[in-house]
>>> print(open('target-v9.tsv').read())   # TSV, C-alpha atoms and all ligand atoms
chain	number	residue	atom	x	y	z
S	67	MET	CA	-51.14	-76.39	16.64
S	68	ALA	CA	-51.51	-73.16	18.45
S	69	ALA	CA	-54.01	-72.70	21.24
S	70	GLU	CA	-56.36	-69.75	20.90
S	71	SER	CA	-55.70	-67.00	23.45
S	72	VAL	CA	-54.59	-63.43	23.63
S	73	ASN	CA	-50.85	-63.19	23.26
S	74	HIS	CA	-50.00	-61.27	26.41
S	75	GLY	CA	-46.30	-61.89	26.04
S	76	ARG	CA	-46.27	-59.98	22.78
S	77	ARG	CA	-48.64	-57.21	23.72
S	78	ARG	CA	-46.03	-54.56	23.18
S	79	PHE	CA	-45.23	-55.44	19.61
S	80	LEU	CA	-48.86	-56.14	18.78
S	81	THR	CA	-49.82	-52.72	20.03
S	82	ALA	CA	-47.09	-51.18	17.96
S	83	SER	CA	-47.67	-53.16	14.81
S	84	THR	CA	-51.43	-53.48	14.64
S	85	VAL	CA	-52.78	-50.61	12.68
S	86	VAL	CA	-55.97	-48.62	12.86
S	87	VAL	CA	-56.82	-48.51	9.22
S	88	GLY	CA	-58.62	-45.78	7.40
S	89	GLY	CA	-60.19	-46.66	4.11
S	90	VAL	CA	-58.91	-46.37	0.59
S	91	GLY	CA	-60.44	-43.20	-0.73
S	92	GLY	CA	-62.18	-42.73	2.59
S	93	VAL	CA	-64.47	-45.71	2.03
S	94	TYR	CA	-63.55	-47.85	5.01
S	95	ALA	CA	-64.16	-46.96	8.61
S	96	ALA	CA	-61.25	-46.82	11.02
S	97	VAL	CA	-61.62	-49.85	13.27
S	98	PRO	CA	-58.89	-51.20	15.50
S	99	PHE	CA	-58.49	-54.94	15.39
S	100	ILE	CA	-56.17	-57.13	17.42
S	101	ALA	CA	-56.16	-60.88	17.71
S	102	ALA	CA	-53.50	-63.48	18.22
S	103	TRP	CA	-52.88	-66.92	19.57
S	104	LYS	CA	-50.21	-67.96	21.98
S	105	PRO	CA	-48.61	-71.29	21.14
S	106	SER	CA	-47.28	-73.36	24.02
S	107	ALA	CA	-43.66	-72.80	24.98
S	108	LYS	CA	-42.86	-76.20	23.57
S	109	ALA	CA	-44.56	-75.34	20.29
S	110	VAL	CA	-42.75	-72.01	20.07
S	111	ALA	CA	-39.43	-73.73	20.65
S	112	ALA	CA	-40.23	-76.10	17.83
S	113	GLY	CA	-41.30	-73.29	15.53
S	114	ALA	CA	-44.75	-74.82	15.33
S	115	PRO	CA	-47.38	-73.44	12.95
S	116	VAL	CA	-49.86	-70.95	14.36
S	117	SER	CA	-53.50	-70.59	13.45
S	118	ALA	CA	-55.24	-67.27	12.80
S	119	ASP	CA	-59.00	-66.77	12.61
S	120	ILE	CA	-59.70	-64.27	9.83
S	121	SER	CA	-63.47	-64.66	9.86
S	122	LYS	CA	-63.91	-61.16	11.36
S	123	LEU	CA	-61.16	-59.49	9.39
S	124	ALA	CA	-62.88	-56.72	7.43
S	125	VAL	CA	-61.66	-55.14	4.24
S	126	GLY	CA	-58.87	-52.70	4.97
S	127	GLN	CA	-58.06	-54.22	8.34
S	128	GLN	CA	-54.86	-55.88	9.48
S	129	LEU	CA	-54.49	-58.74	11.95
S	130	THR	CA	-51.13	-59.46	13.55
S	131	VAL	CA	-50.11	-62.87	14.90
S	132	ALA	CA	-46.78	-64.12	16.22
S	133	TRP	CA	-44.90	-66.92	14.51
S	134	ARG	CA	-41.35	-67.96	15.36
S	135	GLY	CA	-40.93	-64.75	17.34
S	136	ARG	CA	-41.84	-62.54	14.43
S	137	PRO	CA	-44.98	-60.52	13.64
S	138	ILE	CA	-47.08	-61.85	10.79
S	139	PHE	CA	-49.39	-59.33	9.13
S	140	ILE	CA	-52.65	-60.54	7.59
S	141	VAL	CA	-54.58	-57.95	5.59
S	142	ARG	CA	-57.93	-58.18	3.86
S	143	ARG	CA	-57.51	-56.22	0.63
S	144	SER	CA	-60.31	-54.68	-1.40
S	145	GLU	CA	-60.75	-54.84	-5.16
S	146	GLU	CA	-59.55	-51.25	-5.27
S	147	MET	CA	-56.40	-52.10	-3.35
S	148	LEU	CA	-55.64	-54.96	-5.73
S	149	ALA	CA	-56.38	-52.84	-8.78
S	150	ALA	CA	-53.77	-50.29	-7.68
S	151	LEU	CA	-50.92	-52.84	-7.63
S	152	PRO	CA	-50.03	-53.04	-11.36
S	153	GLY	CA	-49.76	-49.28	-11.59
S	154	GLU	CA	-46.91	-49.31	-9.08
S	155	ASP	CA	-44.70	-51.77	-10.99
S	156	GLY	CA	-42.57	-49.08	-12.59
S	157	ARG	CA	-41.57	-47.64	-9.21
S	158	LEU	CA	-40.58	-50.92	-7.57
S	159	LYS	CA	-37.27	-52.75	-7.17
S	160	ASP	CA	-38.71	-56.23	-7.71
S	161	PRO	CA	-42.21	-55.89	-9.16
S	162	GLN	CA	-42.32	-59.49	-10.43
S	163	SER	CA	-41.08	-61.03	-7.16
S	164	ALA	CA	-37.99	-62.36	-8.91
S	165	VAL	CA	-36.02	-62.76	-5.65
S	166	GLU	CA	-37.21	-66.27	-4.96
S	167	GLU	CA	-36.40	-66.50	-1.26
S	168	GLN	CA	-38.78	-63.62	-0.49
S	169	GLN	CA	-41.92	-65.71	-1.04
S	170	PRO	CA	-43.09	-69.30	-1.53
S	171	ALA	CA	-43.66	-70.28	-5.14
S	172	PHE	CA	-47.41	-70.00	-4.68
S	173	ALA	CA	-47.07	-66.29	-3.92
S	174	LYS	CA	-44.97	-65.40	-6.96
S	175	ASN	CA	-47.88	-63.68	-8.66
S	176	ALA	CA	-49.25	-60.16	-9.06
S	177	HIS	CA	-50.87	-60.12	-5.62
S	178	ARG	CA	-48.18	-62.16	-3.80
S	179	SER	CA	-50.70	-64.40	-2.08
S	180	LEU	CA	-52.77	-67.57	-2.28
S	181	LYS	CA	-56.07	-65.70	-2.33
S	182	PRO	CA	-55.99	-62.26	-3.94
S	183	ASP	CA	-57.86	-60.53	-1.14
S	184	VAL	CA	-55.82	-61.98	1.77
S	185	LEU	CA	-52.24	-60.73	2.10
S	186	VAL	CA	-49.90	-62.55	4.51
S	187	LEU	CA	-46.48	-61.03	5.22
S	188	VAL	CA	-43.67	-61.27	7.75
S	189	GLY	CA	-43.89	-57.85	9.39
S	190	SER	CA	-40.17	-57.16	9.45
S	191	CYS	CA	-38.52	-54.63	7.19
S	192	THR	CA	-35.88	-56.19	4.96
S	193	HIS	CA	-33.48	-53.34	5.82
S	194	LEU	CA	-32.76	-53.73	9.53
S	195	GLY	CA	-35.85	-55.56	10.73
S	196	CYS	CA	-38.06	-52.80	12.09
S	197	SER	CA	-41.80	-53.35	11.86
S	198	PRO	CA	-43.29	-51.20	9.08
S	199	LYS	CA	-46.72	-49.66	9.55
S	200	LEU	CA	-49.71	-50.04	7.26
S	201	HIS	CA	-51.12	-46.88	5.70
S	202	THR	CA	-53.97	-47.62	3.32
S	203	GLU	CA	-55.17	-44.11	2.61
S	204	VAL	CA	-54.68	-43.06	-1.01
S	205	GLN	CA	-53.42	-39.57	-0.45
S	206	PRO	CA	-50.14	-37.65	-0.57
S	207	GLU	CA	-47.96	-38.58	2.36
S	208	PRO	CA	-44.72	-36.96	3.55
S	209	TRP	CA	-42.80	-39.96	2.28
S	210	ASP	CA	-44.61	-40.23	-1.11
S	211	ALA	CA	-46.69	-37.67	-2.99
S	212	GLU	CA	-48.08	-40.50	-5.15
S	213	TRP	CA	-48.97	-42.80	-2.28
S	214	LYS	CA	-51.41	-45.63	-3.16
S	215	GLY	CA	-51.33	-47.32	0.21
S	216	GLY	CA	-48.87	-49.80	1.64
S	217	TYR	CA	-46.27	-50.07	4.37
S	218	TYR	CA	-43.95	-47.32	5.53
S	219	CYS	CA	-40.95	-47.97	7.75
S	220	PRO	CA	-40.21	-44.62	9.43
S	221	CYS	CA	-36.84	-45.51	10.95
S	222	HIS	CA	-35.01	-45.32	7.62
S	223	ASN	CA	-37.81	-44.42	5.17
S	224	SER	CA	-38.39	-47.68	3.38
S	225	LYS	CA	-41.74	-48.04	1.72
S	226	PHE	CA	-43.64	-51.01	0.33
S	227	ASP	CA	-46.86	-51.33	-1.63
S	228	LEU	CA	-49.98	-53.28	-0.65
S	229	ALA	CA	-48.33	-56.52	-1.77
S	230	GLY	CA	-45.22	-55.87	0.34
S	231	ARG	CA	-43.11	-54.93	-2.71
S	232	VAL	CA	-40.34	-52.47	-1.98
S	233	TYR	CA	-40.12	-49.10	-3.74
S	234	GLU	CA	-37.04	-47.80	-5.52
S	235	GLY	CA	-35.12	-45.40	-3.31
S	236	SER	CA	-35.79	-47.39	-0.16
S	237	PRO	CA	-32.87	-48.65	1.90
S	238	ALA	CA	-34.65	-52.01	2.17
S	239	PRO	CA	-33.14	-54.19	-0.56
S	240	THR	CA	-35.95	-56.67	-1.13
S	241	ASN	CA	-39.69	-57.16	-0.87
S	242	LEU	CA	-41.21	-58.11	2.47
S	243	VAL	CA	-41.14	-61.86	3.05
S	244	VAL	CA	-44.25	-63.94	2.49
S	245	PRO	CA	-44.13	-66.83	4.99
S	246	PRO	CA	-45.29	-70.35	4.22
S	247	TYR	CA	-49.00	-70.61	4.97
S	248	ARG	CA	-52.18	-72.35	3.93
S	249	PHE	CA	-55.89	-71.90	4.41
S	250	ASP	CA	-58.02	-74.15	6.59
S	251	GLY	CA	-61.44	-73.44	5.17
S	252	ASP	CA	-62.42	-69.85	4.45
S	253	SER	CA	-61.91	-68.43	7.92
S	254	ARG	CA	-58.57	-69.74	9.15
S	255	VAL	CA	-54.96	-69.30	8.04
S	256	ILE	CA	-52.25	-71.68	9.21
S	257	ILE	CA	-48.87	-69.89	9.32
S	258	GLY	CA	-45.88	-72.19	9.00
S	259	GLU	CA	-47.49	-74.83	6.83
S	260	SER	CA	-47.31	-74.34	3.10
S	261	GLU	CA	-49.50	-75.49	0.28
S	262	GLY	CA	-46.51	-75.08	-2.01
S	263	ALA	CA	-42.79	-74.58	-1.68
S	264	ALA	CA	-41.86	-72.73	1.51
X	301	LIG	S1	-35.47	-51.04	9.16
X	301	LIG	FE1	-37.01	-50.38	7.78
X	301	LIG	S2	-36.07	-48.80	6.69
X	301	LIG	FE2	-34.52	-49.43	8.05
>>> encode(input="target-v9.tsv", output="structure tokens", more="lines below")
Ligand code: FES
Amino acid sequence: MAAESVNHGRRRFLTASTVVVGGVGGVYAAVPFIAAWKPSAKAVAAGAPVSADISKLAVGQQLTVAWRGRPIFIVRRSEEMLAALPGEDGRLKDPQSAVEEQQPAFAKNAHRSLKPDVLVLVGSCTHLGCSPKLHTEVQPEPWDAEWKGGYYCPCHNSKFDLAGRVYEGSPAPTNLVVPPYRFDGDSRVIIGESEGAA
């Protein structure tokens, strides 16, 4: 199990991938939030699970942790964020998460997660692996006049909704990957251990 400490070795990617989040409809304050744990070298080599404390993760915020050398995004979604998801189905490549290898079986649902409010994604674009950025504001954006919040990958203009589902017209072929994970109580997520099929 991962020890709890700041992940200095991954400071660069954490700085790049952790997002200062404005609120949906201007409701949520912009608050930066960074936290991670650094597994031992032995644990990293073994691809050990990592533990993330989400007890202080506020609605609209994203926490980034490292697992198997990749960023894992954990987002606390609001009711409004979840309510916007069905309306995007008609603009998505795989709205029903039919590509099975993109998520464990437990996340093949409308919100692509175990708990509706907590989204867990591998933060690597399914095009060429860049780290997309979270933009939760519901407002016209240069990449989408009908933007409802989600992830935008500026290197080649792929965009994903707030469940990590890829939009039509994006070079990314598939939805963002949901990693295996489980909850340990209400305040901790274990990445790398699955409650269902991984
Ligand atoms: S790597 Fe994300 S769009 Fe190319």
>>> residues_around(input="target-v9.tsv", residues="Leu158 of chain S", least_positions_apart="5", cutoff="6 Å", atoms="all atoms listed in the file", output="PyMOL selection string")
chain S and resi 232-234
>>> atom_distance(input="target-v9.tsv", atom1="atom CA of Pro198 of chain S", atom2="atom CA of Glu167 of chain S")
19.7 Å
>>> closest_residue(input="target-v9.tsv", among="S:Gly230, S:Gly195, S:Gly258, S:Pro246", to="ligand LIG 301 (chain X)", atoms="only C-alpha atoms and all ligand atoms")
S:Gly195
>>> atom_distance(input="target-v9.tsv", atom1="atom CA of Lys159 of chain S", atom2="atom CA of Tyr247 of chain S")
24.6 Å
>>> residues_around(input="target-v9.tsv", residues="Arg178 of chain S", least_positions_apart="5", cutoff="10 Å", atoms="all atoms listed in the file", output="PyMOL selection string")
chain S and resi 162-163+169-173+184-187+228-231+243-244
